[in-house]
Amino acid sequence: MAKKIVITNEIRKLRFFANEMTQQQLAEKVGASRQTIISIEAGKYSPSLEMAFRIAEAFNVKISEVFDYEVKGS
Amino acid sequence: MSYQEKKSIISIVTGLLILAAYFTYTYTKYQSGVVIEGDLKFWATSILVFIGIGIVATIIIQIIFHILLSVAIAVQAKVKDESCDDKEIEKTIELEMVSDEMDKLIELKSSMVGFGVAGAGFMLSLVAIVFNYSPVVMLNIMFASFSIGSILEGFTQLYFYRKGINHG
């Protein structure tokens, strides 16, 4: 059975360091709804690769600085 | 509560009202003795009429919901900042109602639930015929399962918006 991968992110921290960017402002930049940004931040939704790149671009960082993953289970 | 959640609740309430109206109407007619048990024409007509009412009611309720929501957003924006102009308000409304990949995924997964219930209802209606129930029972099972499928679709959407969703 495939191991479970949990995707984590640093969006909250990156928003804080980007002049305390609001979730709404980030949503506008990446073309998503605020609800989606809230879900991504809370780890309730894993975005598509395209949106993940757009989020990284919004902060002007590499995608690996925004998203990481943990392998769960044996 | 987000725009999408409100939209799902509106869809659930509309579905419930239509289903309740259908059963109230047909049950009252049946109880009053106006309709005989095997009158397929009456049941088919009632179902067709209520499908029509359902479509029209859904459209009207969605329009009213969007108007009220837009007004509420505009008022909220004006209260927050009196100097904001119409363009800014329009932009705020558009942003509130934006639909993205998560919405599409939730819509897809919840519609699978809706179709699943409708499909199961169709099978059940066939089973009812196999076990010698009247075609009226078959018609009602089919109508109820399609309606309940649509209502459950709304509940599934709400669930995914609250609990989150993953690909696969």
# chains A, B, ... in the order shown; residues from 1 in each chain; ligands from 1
$ interface_residues --of "chain A" --to "chain B" --cutoff "6 Å" --atoms "only C-alpha atoms" --output "ChimeraX atom specification"
/A:32-33,44-45
$ write_last_selection --atoms "C-alpha atoms" --output "JSON list (two decimals), in the first residue's frame"
[["chain", "number", "residue", "atom", "x", "y", "z"],
["A", 32, "ALA", "CA", -8.39, 31.87, -6.43],
["A", 33, "SER", "CA", -11.10, 32.48, -3.87],
["A", 44, "LYS", "CA", -7.40, 21.08, 4.13],
["A", 45, "TYR", "CA", -6.74, 21.29, 0.42]]
$ residues_around --residues "Leu26 of chain A" --least-positions-apart "4" --cutoff "12 Å" --atoms "only C-alpha atoms" --output "ChimeraX atom specification"
/A:11-12,14-16,18-22,30-38,40-41,51,54-59 /B:95
$ atom_distance --atom1 "atom CA of Phe42 of chain B" --atom2 "atom CA of Val130 of chain B"
22.6 Å
$ closest_residue --among "B:Ile141, B:Leu48, B:Val34, B:Ile148" --to "Gly114 of chain B" --atoms "only C-alpha atoms"
B:Ile148
$ residues_around --residues "Phe50 of chain B" --least-positions-apart "5" --cutoff "9 Å" --atoms "only C-alpha atoms" --output "list of chain:residue names"
B:Ile18, B:Leu19, B:Ala21, B:Tyr22, B:Thr45, B:Ile55
$ write_last_selection --atoms "N, CA and C atoms" --output "CSV table (one decimal), in the first residue's frame"
chain,number,residue,atom,x,y,z
B,18,ILE,N,-39.0,21.9,-2.6
B,18,ILE,CA,-39.7,21.3,-3.8
B,18,ILE,C,-40.2,19.9,-3.5
B,19,LEU,N,-39.3,19.1,-2.9
B,19,LEU,CA,-39.7,17.7,-2.5
B,19,LEU,C,-40.9,17.7,-1.6
B,21,ALA,N,-43.1,20.1,-1.2
B,21,ALA,CA,-44.3,20.6,-1.9
B,21,ALA,C,-44.9,19.5,-2.8
B,22,TYR,N,-44.0,18.7,-3.4
B,22,TYR,CA,-44.5,17.6,-4.3
B,22,TYR,C,-45.3,16.5,-3.4
B,45,THR,N,-47.9,13.4,-14.7
B,45,THR,CA,-48.1,14.9,-14.9
B,45,THR,C,-47.5,15.7,-13.7
B,55,ILE,N,-37.0,23.6,-11.6
B,55,ILE,CA,-36.0,24.3,-12.5
B,55,ILE,C,-36.3,25.9,-12.3
$ atom_distance --atom1 "atom CA of Glu28 of chain A" --atom2 "atom CA of Ile12 of chain B"
29.1 Å
$ decode --residues "segment 2-64 of chain A" --atoms "C-alpha atoms" --output "PDB file, in the first residue's frame"
ATOM      1  CA  ALA A   2       1.286   3.475  -0.910  1.00  0.00           C
ATOM      2  CA  LYS A   3       2.431   5.613   1.997  1.00  0.00           C
ATOM      3  CA  LYS A   4       0.390   8.665   2.821  1.00  0.00           C
ATOM      4  CA  ILE A   5       1.917  11.992   1.896  1.00  0.00           C
ATOM      5  CA  VAL A   6       0.915  15.033   3.921  1.00  0.00           C
ATOM      6  CA  ILE A   7       1.610  18.365   2.234  1.00  0.00           C
ATOM      7  CA  THR A   8       2.565  21.200   4.538  1.00  0.00           C
ATOM      8  CA  ASN A   9       2.995  24.873   3.698  1.00  0.00           C
ATOM      9  CA  GLU A  10       4.488  28.115   4.924  1.00  0.00           C
ATOM     10  CA  ILE A  11       1.890  30.444   3.421  1.00  0.00           C
ATOM     11  CA  ARG A  12       0.935  32.042   6.714  1.00  0.00           C
ATOM     12  CA  LYS A  13       4.561  32.894   7.492  1.00  0.00           C
ATOM     13  CA  LEU A  14       5.225  34.113   3.957  1.00  0.00           C
ATOM     14  CA  ARG A  15       2.143  36.329   4.066  1.00  0.00           C
ATOM     15  CA  PHE A  16       3.350  37.844   7.303  1.00  0.00           C
ATOM     16  CA  PHE A  17       6.754  38.641   5.825  1.00  0.00           C
ATOM     17  CA  ALA A  18       5.181  40.031   2.651  1.00  0.00           C
ATOM     18  CA  ASN A  19       3.942  43.178   4.421  1.00  0.00           C
ATOM     19  CA  GLU A  20       1.251  41.199   6.204  1.00  0.00           C
ATOM     20  CA  MET A  21      -0.470  40.332   2.972  1.00  0.00           C
ATOM     21  CA  THR A  22      -4.103  39.374   3.566  1.00  0.00           C
ATOM     22  CA  GLN A  23      -5.643  36.112   2.384  1.00  0.00           C
ATOM     23  CA  GLN A  24      -7.856  38.129   0.064  1.00  0.00           C
ATOM     24  CA  GLN A  25      -4.845  39.862  -1.509  1.00  0.00           C
ATOM     25  CA  LEU A  26      -3.114  36.528  -2.061  1.00  0.00           C
ATOM     26  CA  ALA A  27      -6.317  35.085  -3.506  1.00  0.00           C
ATOM     27  CA  GLU A  28      -6.477  37.972  -5.984  1.00  0.00           C
ATOM     28  CA  LYS A  29      -2.847  37.479  -6.990  1.00  0.00           C
ATOM     29  CA  VAL A  30      -3.214  33.764  -7.716  1.00  0.00           C
ATOM     30  CA  GLY A  31      -6.749  33.935  -9.138  1.00  0.00           C
ATOM     31  CA  ALA A  32      -8.392  31.867  -6.435  1.00  0.00           C
ATOM     32  CA  SER A  33     -11.097  32.480  -3.868  1.00  0.00           C
ATOM     33  CA  ARG A  34     -10.294  33.448  -0.272  1.00  0.00           C
ATOM     34  CA  GLN A  35     -11.973  30.204   0.808  1.00  0.00           C
ATOM     35  CA  THR A  36      -9.418  28.231  -1.202  1.00  0.00           C
ATOM     36  CA  ILE A  37      -6.486  30.128   0.318  1.00  0.00           C
ATOM     37  CA  ILE A  38      -7.913  29.498   3.812  1.00  0.00           C
ATOM     38  CA  SER A  39      -8.221  25.776   3.023  1.00  0.00           C
ATOM     39  CA  ILE A  40      -4.694  25.549   1.596  1.00  0.00           C
ATOM     40  CA  GLU A  41      -3.231  27.369   4.599  1.00  0.00           C
ATOM     41  CA  ALA A  42      -5.053  25.071   7.002  1.00  0.00           C
ATOM     42  CA  GLY A  43      -3.830  21.999   5.081  1.00  0.00           C
ATOM     43  CA  LYS A  44      -7.398  21.079   4.128  1.00  0.00           C
ATOM     44  CA  TYR A  45      -6.736  21.290   0.422  1.00  0.00           C
ATOM     45  CA  SER A  46      -3.658  20.486  -1.643  1.00  0.00           C
ATOM     46  CA  PRO A  47      -3.547  22.839  -4.638  1.00  0.00           C
ATOM     47  CA  SER A  48      -2.719  21.811  -8.191  1.00  0.00           C
ATOM     48  CA  LEU A  49       0.878  22.169  -9.298  1.00  0.00           C
ATOM     49  CA  GLU A  50      -0.117  25.198 -11.361  1.00  0.00           C
ATOM     50  CA  MET A  51      -1.662  27.006  -8.409  1.00  0.00           C
ATOM     51  CA  ALA A  52       1.257  26.021  -6.177  1.00  0.00           C
ATOM     52  CA  PHE A  53       3.620  27.706  -8.655  1.00  0.00           C
ATOM     53  CA  ARG A  54       1.380  30.761  -8.801  1.00  0.00           C
ATOM     54  CA  ILE A  55       1.457  31.026  -4.992  1.00  0.00           C
ATOM     55  CA  ALA A  56       5.244  30.750  -4.991  1.00  0.00           C
ATOM     56  CA  GLU A  57       5.419  33.428  -7.674  1.00  0.00           C
ATOM     57  CA  ALA A  58       3.166  35.710  -5.617  1.00  0.00           C
ATOM     58  CA  PHE A  59       5.774  35.605  -2.835  1.00  0.00           C
ATOM     59  CA  ASN A  60       8.677  35.647  -5.290  1.00  0.00           C
ATOM     60  CA  VAL A  61      10.165  32.465  -3.830  1.00  0.00           C
ATOM     61  CA  LYS A  62      10.777  28.917  -5.011  1.00  0.00           C
ATOM     62  CA  ILE A  63       7.942  26.423  -4.682  1.00  0.00           C
ATOM     63  CA  SER A  64       9.980  24.374  -2.195  1.00  0.00           C
TER      64      SER A  64
END
